[in-house]
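**Q** entry.txt is reproduced in full below (compact mmCIF, C-alpha atoms and all ligand atoms).
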# COMPACT_ATOMS: atom_id res chain seq x y z
CA MET A 1360 -87.16 100.83 50.17
CA SER A 1361 -87.59 104.41 51.22
CA LYS A 1362 -85.58 106.94 49.26
CA PHE A 1363 -84.80 108.59 52.55
CA GLN A 1364 -81.09 108.55 53.28
CA SER A 1365 -79.97 111.05 55.88
CA PRO A 1366 -82.00 112.90 58.49
CA ASP A 1367 -81.67 116.24 56.79
CA ARG A 1368 -81.29 115.73 53.07
CA LEU A 1369 -83.64 114.49 50.38
CA PRO A 1370 -81.88 112.96 47.37
CA LEU A 1371 -82.74 115.16 44.40
CA GLN A 1372 -85.86 113.85 42.71
CA PRO A 1373 -86.56 114.19 38.98
CA TRP A 1374 -89.49 116.53 39.66
CA MET A 1375 -87.19 118.80 41.74
CA THR A 1376 -84.73 119.32 38.90
CA SER A 1377 -86.97 119.15 35.81
CA ALA A 1378 -86.87 122.04 33.34
CA ALA A 1379 -90.43 122.99 34.29
CA THR A 1380 -89.64 123.15 38.02
CA SER A 1381 -86.32 124.92 37.47
CA ALA A 1382 -88.05 127.68 35.52
CA VAL A 1383 -90.45 128.31 38.44
CA LEU A 1384 -87.67 128.20 41.04
CA LEU A 1385 -85.50 130.60 39.03
CA ALA A 1386 -88.38 133.02 38.57
CA LEU A 1387 -89.18 133.06 42.28
CA GLN A 1388 -85.55 133.25 43.37
CA SER A 1389 -84.84 136.15 41.03
CA GLY A 1390 -86.40 138.48 43.62
CA GLY A 1391 -83.80 137.30 46.14
CA SER A 1392 -86.17 135.31 48.39
CA GLU A 1393 -85.85 131.73 49.48
CA VAL A 1394 -88.17 129.14 47.93
CA ARG A 1395 -88.86 125.68 49.32
CA PHE A 1396 -90.90 122.64 48.41
CA VAL A 1397 -93.54 122.10 51.11
CA GLY A 1398 -96.32 119.74 52.11
CA GLY A 1399 -97.27 116.53 50.37
CA CYS A 1400 -94.49 116.43 47.76
CA VAL A 1401 -91.80 116.49 50.44
CA ARG A 1402 -93.64 114.01 52.62
CA ASP A 1403 -94.23 111.57 49.76
CA ALA A 1404 -90.70 111.88 48.35
CA VAL A 1405 -89.23 111.13 51.78
CA LYS A 1406 -91.52 108.13 52.03
CA GLY A 1407 -90.59 106.95 48.52
CA PHE A 1408 -94.16 107.38 47.25
CA GLN A 1409 -95.20 108.86 43.92
CA ILE A 1410 -95.86 112.56 44.49
CA LYS A 1411 -99.22 114.05 43.49
CA ASP A 1412 -98.66 117.76 43.13
CA ILE A 1413 -95.92 120.26 43.79
CA ASP A 1414 -96.44 122.92 46.44
CA LEU A 1415 -93.91 125.69 46.97
CA ALA A 1416 -93.61 128.34 49.65
CA THR A 1417 -91.82 131.69 49.72
CA PRO A 1418 -91.87 134.76 51.95
CA ASP A 1419 -92.77 136.99 48.96
CA ARG A 1420 -96.31 138.36 48.95
CA PRO A 1421 -98.73 136.93 46.39
CA GLU A 1422 -98.68 140.08 44.23
CA ALA A 1423 -94.87 139.89 44.07
CA VAL A 1424 -95.08 136.19 43.23
CA MET A 1425 -97.46 137.03 40.37
CA SER A 1426 -95.11 139.60 38.89
CA LEU A 1427 -91.97 137.45 39.28
CA LEU A 1428 -93.68 134.63 37.42
CA LYS A 1429 -94.95 136.91 34.68
CA ALA A 1430 -91.54 138.59 34.30
CA ALA A 1431 -90.10 135.11 33.65
CA GLY A 1432 -92.73 134.48 31.00
CA LEU A 1433 -94.63 131.93 33.09
CA LYS A 1434 -98.37 131.75 33.40
CA ALA A 1435 -99.52 133.05 36.79
CA ILE A 1436 -103.06 132.52 38.09
CA PRO A 1437 -104.28 134.29 41.26
CA THR A 1438 -106.09 131.11 42.47
CA GLY A 1439 -106.40 132.02 46.12
CA ILE A 1440 -104.62 135.32 46.22
CA ASP A 1441 -106.58 136.46 49.32
CA HIS A 1442 -105.10 133.71 51.46
CA GLY A 1443 -101.73 133.78 49.74
CA THR A 1444 -101.87 131.18 46.98
CA VAL A 1445 -100.86 131.68 43.37
CA THR A 1446 -100.75 128.98 40.72
CA ALA A 1447 -97.90 128.87 38.22
CA VAL A 1448 -97.96 126.90 34.99
CA SER A 1449 -94.59 125.94 33.54
CA ARG A 1450 -94.33 123.67 30.49
CA GLY A 1451 -97.81 122.39 31.26
CA GLU A 1452 -96.94 121.52 34.88
CA VAL A 1453 -98.90 123.16 37.70
CA TYR A 1454 -97.31 124.61 40.85
CA GLU A 1455 -99.12 126.03 43.87
CA ILE A 1456 -97.09 128.79 45.45
CA THR A 1457 -98.11 129.94 48.90
CA THR A 1458 -96.76 132.91 50.79
CA LEU A 1459 -95.49 132.05 54.29
CA ARG A 1460 -98.34 132.78 56.65
CA GLU A 1461 -99.81 132.18 60.01
CA ASP A 1462 -103.46 131.69 60.74
CA VAL A 1463 -104.43 134.49 63.09
CA GLU A 1464 -108.09 133.80 63.53
CA THR A 1465 -110.08 130.68 62.79
CA ASP A 1466 -113.72 129.70 63.04
CA GLY A 1467 -113.39 125.96 62.57
CA ARG A 1468 -113.71 126.27 58.81
CA ARG A 1469 -111.79 129.25 57.46
CA ALA A 1470 -108.78 131.15 58.72
CA LYS A 1471 -107.85 134.81 58.53
CA VAL A 1472 -104.22 134.90 57.49
CA ALA A 1473 -101.26 137.13 58.23
CA TYR A 1474 -98.12 136.92 56.13
CA THR A 1475 -94.79 136.25 57.79
CA ASP A 1476 -91.12 135.78 56.93
CA ASP A 1477 -90.77 132.97 59.43
CA TRP A 1478 -90.64 129.45 58.01
CA VAL A 1479 -91.29 127.83 61.40
CA GLN A 1480 -94.45 129.87 61.90
CA ASP A 1481 -95.65 128.73 58.50
CA ALA A 1482 -94.90 125.12 59.43
CA ALA A 1483 -96.74 125.57 62.73
CA ARG A 1484 -100.06 126.37 61.01
CA ARG A 1485 -99.95 123.07 59.11
CA ASP A 1486 -101.95 120.19 60.52
CA LEU A 1487 -99.69 117.16 60.92
CA THR A 1488 -96.00 116.88 61.73
CA MET A 1489 -95.38 114.99 58.46
CA ASN A 1490 -97.12 117.79 56.55
CA ALA A 1491 -94.93 120.46 58.15
CA LEU A 1492 -91.78 119.34 56.33
CA SER A 1493 -90.12 121.60 53.81
CA CYS A 1494 -87.18 121.11 51.49
CA ARG A 1495 -84.80 123.49 49.75
CA PRO A 1496 -84.20 123.01 46.01
CA ASP A 1497 -80.78 121.50 46.85
CA GLY A 1498 -82.46 118.82 48.95
CA LEU A 1499 -81.86 120.22 52.43
CA LEU A 1500 -84.79 119.21 54.62
CA PHE A 1501 -86.42 121.27 57.37
CA ASP A 1502 -88.35 119.42 60.01
CA PRO A 1503 -89.38 121.67 62.88
CA PHE A 1504 -91.83 119.24 64.54
CA GLY A 1505 -90.32 115.79 64.24
CA GLY A 1506 -92.24 114.89 61.08
CA LEU A 1507 -89.46 112.77 59.61
CA GLU A 1508 -89.36 110.47 62.58
CA ASP A 1509 -93.14 110.27 62.68
CA LEU A 1510 -93.20 109.48 58.98
CA ARG A 1511 -90.62 106.75 59.42
CA ASN A 1512 -92.51 105.29 62.37
CA GLY A 1513 -95.93 105.54 60.73
CA ARG A 1514 -97.15 107.92 63.41
CA VAL A 1515 -99.75 110.47 62.33
CA ARG A 1516 -99.63 113.30 64.83
CA PHE A 1517 -100.84 116.88 65.00
CA VAL A 1518 -98.46 119.80 65.21
CA GLY A 1519 -99.13 121.00 68.75
CA ASP A 1520 -102.27 120.30 70.74
CA ALA A 1521 -104.63 117.99 68.83
CA GLN A 1522 -107.79 119.46 70.30
CA ALA A 1523 -106.73 123.02 69.57
CA ARG A 1524 -105.69 122.18 66.02
CA ILE A 1525 -108.96 120.41 65.23
CA THR A 1526 -110.97 123.26 66.71
CA GLU A 1527 -109.26 125.65 64.28
CA ASP A 1528 -110.45 123.58 61.32
CA TYR A 1529 -112.73 120.59 61.85
CA LEU A 1530 -111.68 119.10 58.54
CA ARG A 1531 -108.43 118.17 60.30
CA LEU A 1532 -110.40 115.63 62.31
CA LEU A 1533 -111.04 113.74 59.08
CA ARG A 1534 -107.56 114.38 57.72
CA PHE A 1535 -106.14 112.75 60.85
CA PHE A 1536 -107.97 109.52 60.00
CA ARG A 1537 -107.29 109.77 56.28
CA PHE A 1538 -103.55 110.29 56.69
CA HIS A 1539 -103.42 107.45 59.17
CA ALA A 1540 -104.98 105.15 56.59
CA TYR A 1541 -102.16 106.03 54.16
CA TYR A 1542 -99.14 106.65 56.39
CA GLY A 1543 -99.94 105.07 59.74
CA SER A 1544 -98.33 101.83 60.77
CA GLN A 1545 -99.16 101.73 64.44
CA ALA A 1546 -102.23 102.38 66.57
CA LEU A 1547 -103.79 105.79 66.02
CA ASP A 1548 -102.26 108.54 68.12
CA PRO A 1549 -104.20 108.49 71.43
CA GLU A 1550 -104.23 112.27 71.77
CA GLY A 1551 -105.58 112.74 68.25
CA LEU A 1552 -108.12 110.01 68.80
CA ALA A 1553 -109.40 111.49 72.07
CA ALA A 1554 -109.70 114.92 70.41
CA ALA A 1555 -111.56 113.40 67.46
CA GLU A 1556 -113.99 111.64 69.78
CA LEU A 1557 -114.66 114.82 71.72
CA LEU A 1558 -115.01 117.12 68.72
CA ALA A 1559 -116.80 114.80 66.27
CA PRO A 1560 -120.21 116.53 66.66
CA ASN A 1561 -118.69 119.65 65.03
CA LEU A 1562 -118.17 117.84 61.73
CA THR A 1563 -121.68 118.86 60.74
CA SER A 1564 -120.48 122.46 60.39
CA LEU A 1565 -118.22 121.58 57.45
CA SER A 1566 -119.29 122.01 53.84
CA GLY A 1567 -120.49 118.88 52.07
CA GLU A 1568 -117.84 119.26 49.38
CA ARG A 1569 -114.90 119.24 51.80
CA VAL A 1570 -116.28 116.25 53.68
CA ARG A 1571 -116.96 114.40 50.43
CA ASP A 1572 -113.41 114.83 49.17
CA GLU A 1573 -111.94 113.64 52.47
CA LEU A 1574 -114.29 110.68 52.78
CA LEU A 1575 -113.67 109.50 49.23
CA ARG A 1576 -109.92 109.78 49.69
CA LEU A 1577 -110.09 107.87 52.96
CA LEU A 1578 -112.13 105.14 51.28
CA ALA A 1579 -109.59 104.94 48.45
CA ALA A 1580 -106.81 103.88 50.82
CA LYS A 1581 -105.45 100.36 50.31
CA ALA A 1582 -106.45 99.22 53.79
CA PRO A 1583 -108.98 101.60 55.34
CA LEU A 1584 -110.64 99.09 57.68
CA PRO A 1585 -108.72 99.70 60.92
CA VAL A 1586 -109.23 103.44 60.58
CA LEU A 1587 -112.93 103.08 59.77
CA LEU A 1588 -113.31 100.80 62.74
CA SER A 1589 -111.85 103.36 65.05
CA MET A 1590 -114.10 106.00 63.50
CA ILE A 1591 -117.03 103.78 64.49
CA GLU A 1592 -115.67 103.21 68.00
CA THR A 1593 -115.11 106.91 68.64
CA GLY A 1594 -118.55 107.91 67.36
CA VAL A 1595 -117.06 109.85 64.42
CA MET A 1596 -118.83 107.64 61.90
CA LYS A 1597 -122.21 108.29 63.50
CA VAL A 1598 -121.81 112.00 62.77
CA LEU A 1599 -120.06 111.63 59.43
CA LEU A 1600 -122.30 108.93 57.97
CA PRO A 1601 -125.39 108.23 60.05
CA GLU A 1602 -126.55 106.12 57.07
CA ALA A 1603 -123.75 103.60 57.61
CA ARG A 1604 -124.38 100.03 58.73
CA PRO A 1605 -123.16 99.11 62.19
CA SER A 1606 -120.76 96.55 60.75
CA LEU A 1607 -117.96 96.71 58.20
CA ALA A 1608 -118.30 93.04 57.28
CA ILE A 1609 -119.47 93.69 53.71
CA LEU A 1610 -116.70 96.20 53.10
CA LYS A 1611 -114.19 93.73 54.42
CA SER A 1612 -115.38 91.07 51.97
CA LEU A 1613 -115.51 93.58 49.15
CA ILE A 1614 -111.92 94.70 49.69
CA ALA A 1615 -110.85 91.08 49.47
CA ALA A 1616 -112.62 90.79 46.09
CA GLU A 1617 -111.32 94.06 44.58
CA VAL A 1618 -108.42 94.72 42.27
CA GLU A 1619 -108.20 98.49 42.70
CA PRO A 1620 -109.73 100.53 45.52
CA ASP A 1621 -112.98 102.12 44.36
CA SER A 1622 -114.39 104.68 46.80
CA ILE A 1623 -117.98 104.76 45.58
CA LEU A 1624 -118.25 100.99 45.43
CA ARG A 1625 -116.75 100.80 48.91
CA LEU A 1626 -119.13 103.45 50.17
CA SER A 1627 -122.06 101.41 48.88
CA ALA A 1628 -120.77 98.49 50.94
CA VAL A 1629 -120.77 100.66 54.05
CA LEU A 1630 -124.26 102.14 53.67
CA GLU A 1631 -127.58 100.60 54.61
CA ASP A 1632 -129.64 99.16 51.72
CA GLY A 1633 -132.02 101.09 49.59
CA ASN A 1634 -132.55 104.32 47.79
CA GLU A 1635 -132.92 106.62 50.77
CA PRO A 1636 -129.57 106.28 52.55
CA ALA A 1637 -127.72 106.61 49.24
CA ALA A 1638 -129.74 109.63 48.15
CA GLN A 1639 -129.26 111.33 51.53
CA VAL A 1640 -125.51 110.86 51.47
CA ALA A 1641 -125.25 112.00 47.86
CA ALA A 1642 -127.25 115.16 48.58
CA ARG A 1643 -125.53 116.05 51.84
CA LEU A 1644 -122.05 115.49 50.47
CA ARG A 1645 -122.82 117.19 47.14
CA PHE A 1646 -121.97 114.24 44.95
CA SER A 1647 -121.94 114.83 41.21
CA ARG A 1648 -124.95 113.49 39.34
CA ALA A 1649 -122.86 110.60 38.02
CA GLN A 1650 -121.55 109.71 41.49
CA ALA A 1651 -125.04 109.96 42.99
CA ASP A 1652 -126.57 107.76 40.30
CA ARG A 1653 -123.87 105.15 40.66
CA LEU A 1654 -124.14 105.07 44.44
CA THR A 1655 -127.92 104.79 44.34
CA LEU A 1656 -127.82 102.02 41.78
CA LEU A 1657 -125.30 100.05 43.85
CA CYS A 1658 -127.28 100.52 47.05
CA THR A 1659 -130.51 99.41 45.40
CA SER A 1660 -129.91 96.89 42.61
CA GLY A 1661 -126.85 95.48 44.25
CA LYS A 1662 -128.06 94.95 47.71
CA VAL A 1663 -131.72 94.27 47.26
CA GLN A 1664 -130.91 91.48 44.86
CA THR A 1665 -128.57 89.59 47.15
CA GLY A 1666 -128.22 86.24 45.53
CA TRP A 1667 -128.25 87.87 42.12
CA SER A 1668 -124.69 87.06 41.31
CA PRO A 1669 -124.61 83.52 42.73
CA LYS A 1670 -127.61 82.87 40.52
CA ILE A 1671 -126.07 84.29 37.39
CA THR A 1672 -122.39 83.63 37.99
CA GLY A 1673 -122.88 79.97 37.24
CA ASP A 1674 -124.97 80.87 34.21
CA ARG A 1675 -123.06 82.40 31.33
CA HIS A 1676 -126.20 83.22 29.40
CA ALA A 1677 -127.88 85.09 32.27
CA LEU A 1678 -124.68 86.94 32.99
CA ARG A 1679 -124.39 88.10 29.38
CA GLN A 1680 -127.99 89.32 29.49
CA ALA A 1681 -127.09 91.38 32.56
CA LEU A 1682 -124.03 92.73 30.77
CA TYR A 1683 -126.23 93.84 27.88
CA ASP A 1684 -128.68 95.61 30.21
CA LEU A 1685 -126.30 97.13 32.74
CA GLY A 1686 -123.01 97.52 30.92
CA VAL A 1687 -119.74 95.97 31.88
CA GLU A 1688 -118.73 98.37 34.67
CA THR A 1689 -121.99 98.12 36.57
CA THR A 1690 -122.16 94.37 36.15
CA ARG A 1691 -118.64 94.03 37.50
CA ASP A 1692 -119.50 96.25 40.48
CA LEU A 1693 -122.64 94.28 41.23
CA LEU A 1694 -120.86 90.94 40.96
CA ARG A 1695 -118.28 92.06 43.50
CA LEU A 1696 -120.78 93.72 45.80
CA ASP A 1697 -123.12 90.80 45.75
CA PHE A 1698 -120.27 88.42 46.46
CA ALA A 1699 -119.26 90.65 49.39
CA ILE A 1700 -122.78 90.63 50.81
CA ALA A 1701 -123.06 86.87 50.50
CA ASN A 1702 -119.61 86.40 51.99
CA ALA A 1703 -120.44 88.69 54.92
CA LEU A 1704 -123.40 86.47 55.71
CA GLU A 1705 -121.49 83.25 55.32
CA ALA A 1706 -117.74 83.69 55.45
CA ASN A 1707 -115.14 82.01 53.25
CA ARG A 1708 -117.28 81.56 50.19
CA ASP A 1709 -115.52 80.20 47.16
CA THR A 1710 -114.26 83.05 44.99
CA SER A 1711 -113.80 80.91 41.89
CA LEU A 1712 -117.35 81.55 40.62
CA LEU A 1713 -116.86 85.26 41.08
CA HIS A 1714 -113.63 85.18 39.14
CA LYS A 1715 -115.17 83.14 36.34
CA ALA A 1716 -118.00 85.65 36.11
CA LEU A 1717 -115.58 88.57 36.07
CA ALA A 1718 -113.64 86.86 33.28
CA ILE A 1719 -116.85 86.59 31.24
CA ALA A 1720 -117.43 90.29 31.87
CA ASP A 1721 -113.88 91.05 30.68
CA GLU A 1722 -114.59 89.28 27.40
CA TRP A 1723 -117.83 91.17 26.86
CA GLU A 1724 -117.71 92.62 23.38
CA GLY A 1725 -120.67 94.98 23.76
CA PRO A 1726 -122.83 93.81 20.86
CA VAL A 1727 -125.14 96.36 19.23
CA PHE A 1728 -128.53 95.24 18.00
CA PRO A 1729 -128.05 95.37 14.21
CA LEU A 1730 -131.50 96.73 13.22
CA ARG A 1731 -133.04 100.21 13.27
CA GLY A 1732 -136.53 101.54 12.61
CA ARG A 1733 -135.31 102.40 9.10
CA ASP A 1734 -134.89 98.66 8.35
CA ALA A 1735 -138.54 97.97 9.10
CA LEU A 1736 -139.64 100.89 6.91
CA ASP A 1737 -137.45 99.55 4.10
CA LEU A 1738 -139.29 96.23 4.40
CA GLY A 1739 -142.52 98.13 3.79
CA ALA A 1740 -143.76 98.41 7.37
CA GLU A 1741 -145.78 101.44 8.39
CA ALA A 1742 -144.34 103.80 10.98
CA GLY A 1743 -146.06 103.41 14.35
CA PRO A 1744 -146.16 101.41 17.56
CA LEU A 1745 -146.58 98.07 15.76
CA LEU A 1746 -143.27 98.61 14.02
CA GLY A 1747 -141.59 99.34 17.36
CA ASP A 1748 -143.13 96.25 18.93
CA ALA A 1749 -141.93 94.05 16.09
CA LEU A 1750 -138.40 95.42 16.38
CA ASP A 1751 -138.48 94.88 20.15
CA ARG A 1752 -139.48 91.25 19.67
CA VAL A 1753 -136.64 90.73 17.21
CA GLU A 1754 -134.26 92.24 19.73
CA VAL A 1755 -135.50 89.86 22.43
CA TRP A 1756 -135.03 86.96 20.01
CA TRP A 1757 -131.51 88.16 19.16
CA ARG A 1758 -130.62 88.56 22.86
CA GLU A 1759 -131.94 85.13 23.70
CA ALA A 1760 -129.77 83.71 20.94
CA ASP A 1761 -126.83 85.20 22.87
CA PHE A 1762 -126.42 88.13 20.44
CA VAL A 1763 -125.18 85.75 17.77
CA PRO A 1764 -127.65 86.26 14.84
CA SER A 1765 -126.24 88.45 12.09
CA ARG A 1766 -127.95 91.48 10.60
CA ASP A 1767 -129.28 89.32 7.76
CA ALA A 1768 -130.66 86.76 10.20
CA CYS A 1769 -132.30 89.57 12.18
CA LEU A 1770 -133.84 90.99 8.98
CA THR A 1771 -135.31 87.59 8.19
CA GLN A 1772 -136.73 87.41 11.71
CA LEU A 1773 -138.12 90.92 11.34
CA ARG A 1774 -139.88 89.90 8.11
CA LEU A 1775 -141.51 87.04 10.01
CA GLU A 1776 -142.56 89.36 12.85
CA LEU A 1777 -144.01 91.91 10.45
CA ALA A 1778 -145.87 89.21 8.56
CA THR A 1779 -147.51 87.96 11.79
CA THR A 1780 -148.55 91.49 12.88
CA GLU A 1781 -150.18 92.36 9.56
P1 LIG B 1 -102.09 115.57 48.99
O1 LIG B 1 -101.92 116.61 47.91
O2 LIG B 1 -101.49 114.27 48.72
O3 LIG B 1 -103.45 115.51 49.59
P2 LIG B 1 -100.85 117.49 50.59
O4 LIG B 1 -100.32 117.35 51.98
O5 LIG B 1 -100.00 118.14 49.57
O6 LIG B 1 -101.23 116.03 50.20
P3 LIG B 1 -102.67 119.62 50.10
O7 LIG B 1 -104.15 119.69 50.25
O8 LIG B 1 -102.04 119.84 48.77
O9 LIG B 1 -102.24 118.22 50.68
O10 LIG B 1 -102.09 120.66 51.15
C1 LIG B 1 -100.74 121.05 51.14
C2 LIG B 1 -100.28 121.28 52.56
O11 LIG B 1 -101.07 122.28 53.18
C3 LIG B 1 -100.39 120.08 53.49
O12 LIG B 1 -99.28 119.22 53.41
C4 LIG B 1 -100.46 120.74 54.83
O13 LIG B 1 -99.17 121.16 55.24
C5 LIG B 1 -101.27 121.97 54.54
N1 LIG B 1 -102.70 121.77 54.77
C6 LIG B 1 -103.63 121.37 53.89
N2 LIG B 1 -104.85 121.32 54.43
C7 LIG B 1 -104.69 121.69 55.72
C8 LIG B 1 -105.58 121.87 56.82
N3 LIG B 1 -106.89 121.63 56.70
N4 LIG B 1 -105.04 122.29 57.99
C9 LIG B 1 -103.72 122.55 58.09
N5 LIG B 1 -102.86 122.41 57.12
C10 LIG B 1 -103.31 122.00 55.93
MG MG B 2 -100.38 118.87 47.74
Write the structure described by the file as structure tokens, please.
**A**
Amino acid sequence: MSKFQSPDRLPLQPWMTSAATSAVLLALQSGGSEVRFVGGCVRDAVKGFQIKDIDLATPDRPEAVMSLLKAAGLKAIPTGIDHGTVTAVSRGEVYEITTLREDVETDGRRAKVAYTDDWVQDAARRDLTMNALSCRPDGLLFDPFGGLEDLRNGRVRFVGDAQARITEDYLRLLRFFRFHAYYGSQALDPEGLAAAELLAPNLTSLSGERVRDELLRLLAAKAPLPVLLSMIETGVMKVLLPEARPSLAILKSLIAAEVEPDSILRLSAVLEDGNEPAAQVAARLRFSRAQADRLTLLCTSGKVQTGWSPKITGDRHALRQALYDLGVETTRDLLRLDFAIANALEANRDTSLLHKALAIADEWEGPVFPLRGRDALDLGAEAGPLLGDALDRVEVWWREADFVPSRDACLTQLRLELATTE
């Protein structure tokens, strides 16, 4: 059930009236200016979704906002003071406060801003009708572009002319698809879609970081397939991810086998096999080292070894060896991915083996080989490669015994190994 009750009032939400929020509102109102909640928190509260962060707007200039916050004893950070944004910290909660503004000049990536006192002008520079909502602290809603109705009808629509709005900031082309994946419940808006198709080649002018964040958020949606499909049909995908496979069949199977959306795992299901596509995407989109390594591993080990999981899923021993080598997270990823690949080739495969294998992974206790080099030295062995080899052989023996032998049993085995190498 949506928490939305009347067309112009939002029932007060706990985050609107909390002590932390009240302190920020009071500080900003003490200069006499109006303050409103804006953007995602209003949109999500109307929709009945959990809000992510709290954005506020006020006609006061950023310098004034800074001093009002400080005068109230709140922490004020000049995060983006040049384009009007100040961050307040109140009781550990973070608030982004933006001065009402219009974008006077844009180059497809950044805007030059001019401050204004006009709330409608500020709403007009926002991308989508549902993102142009604002709400007074008493719950009164302002909806200059029909965002409430669009939100209720699952219609993701630009404020004003789609082509013009995308040309001001090409990231909006991706935001259009991303928001549709989360809030859309009908076909994509034809005007937005036509603009996206026309302007897609300009996506290459965006920074890798901005594209990465959008793409990963899109992929984290519960049901991203219809939107991804229309990105393929409109040629957006070709520009965004030339490394993608022509079909979404693997992703479709993967989503069916997932518990929680996982963007990197999903991305690996979209990309062509091998090291190169993964490395290219990771470099272009400025992935962190950890993200890049994970993506590369999934696009190589996972895909190249199709048939890996069917082979080991039925074999508890082999699966536990994989768990020891790869760790539980990676093994889980590869089990799902491999299932998805197999299922894409031959639909409706039985998921029971996959689930049995995942259950074995859940039980994995992460055994640690109980011996160290020190133990061999204590038994009188000489330091050197022979000692290492003997320890390695004991570890192999221990693994093959399903990690069961105790430290004492391993020491006995080590004695035997050392005796045979002497
Ligand atoms: P979420 O935080 O869930 O992503 P949000 O809508 O709050 O949603 P923010 O990035 O916090 O997203 O942006 C706050 C608001 O700023 C948006 O609701 C929108 O009104 C505006 N906005 C953000 N990015 C753009 C953009 N590229 N073009 C136009 N308006 C934007
Ligand atoms: Mg936000």
**Q** So what do you get for atom CA of Leu1369 of chain A versus atom C10 of ligand LIG 1 (chain B), distance-wise?
**A**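 Straight-line distance from atom CA of Leu1369 of chain A to atom C10 of ligand LIG 1 (chain B) works out to 21.8 Å.
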**Q** Could you list, as a list in words, all protein and nucleic acid residues with an atom at most 12 Å from ligand MG 2 (chain B), counting only C-alpha atoms and all ligand atoms?
**A**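 For ligand MG 2 (chain B), the residues inside 12 Å are Phe1396, Val1397, Gly1398, Gly1399, Cys1400, Val1401, Arg1402, Asp1403, Ala1404, Gln1409, Ile1410, Lys1411, Asp1412, Ile1413, Asp1414, Leu1415, Ala1416, Val1453, Tyr1454, Glu1455, Ile1456, Thr1457, Asn1490 and Ala1491 of chain A.
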**Q** Write out as a list in words the residues lying within 9 Å of His1539 of chain A, counting all atoms listed in the file and excluding same-chain residues fewer than 2 positions away.
**A**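 The residues satisfying every condition are Gly1513, Arg1514, Val1515, Arg1516, Arg1534, Phe1535, Phe1536, Arg1537, Tyr1541, Tyr1542, Gly1543, Ser1544, Gln1545, Leu1547, Pro1583 and Val1586 of chain A.
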**Q** Between atom CA of Ile1436 of chain A and atom CA of Gln1388 of chain A, what is the distance in Å, rounded to a tenth?
**A** 18.3 Å
**Q** Skipping near chain neighbours, those fewer than 3 positions away, what residues fall within 8 Å of Pro1503 of chain A using only C-alpha atoms, listed as a list in words?
**A**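 The residues that qualify are Val1479, Ala1482, Ala1491, Leu1492 and Gly1506 of chain A.
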**Q** Name the residues within 10 Å of (-113.8, 118.9, 59.9), counting all atoms listed in the file in the file's coordinates, and put them as a VMD selection string.
**A** chain A and resid 1467 to 1468 1525 to 1535 1555 1558 to 1566 1569 to 1570 1573 1599
**Q** Set the distance at 10 Å and use all atoms listed in the file: which residues neighbour Ala1382 of chain A once local chain neighbours fewer than 5 positions away are removed? I'd like the list as a PyMOL selection string.
**A** chain A and resi 1376-1377+1387-1388+1428+1431-1433+1448-1450
**Q** Just want the 6 Å neighbourhood of Thr1417 of chain A, counted on only C-alpha atoms, with same-chain residues fewer than 5 positions away dropped. Output as a PyMOL selection string.
**A** chain A and resi 1393-1394+1458-1459
**Q** Go through A:Arg1766, A:Arg1752, A:Arg1691, A:Arg1708 and flag the residue nearest Leu1730 of chain A, using only C-alpha atoms for the distances.
**A**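 Smallest distance to Leu1730 of chain A is found for A:Arg1766.
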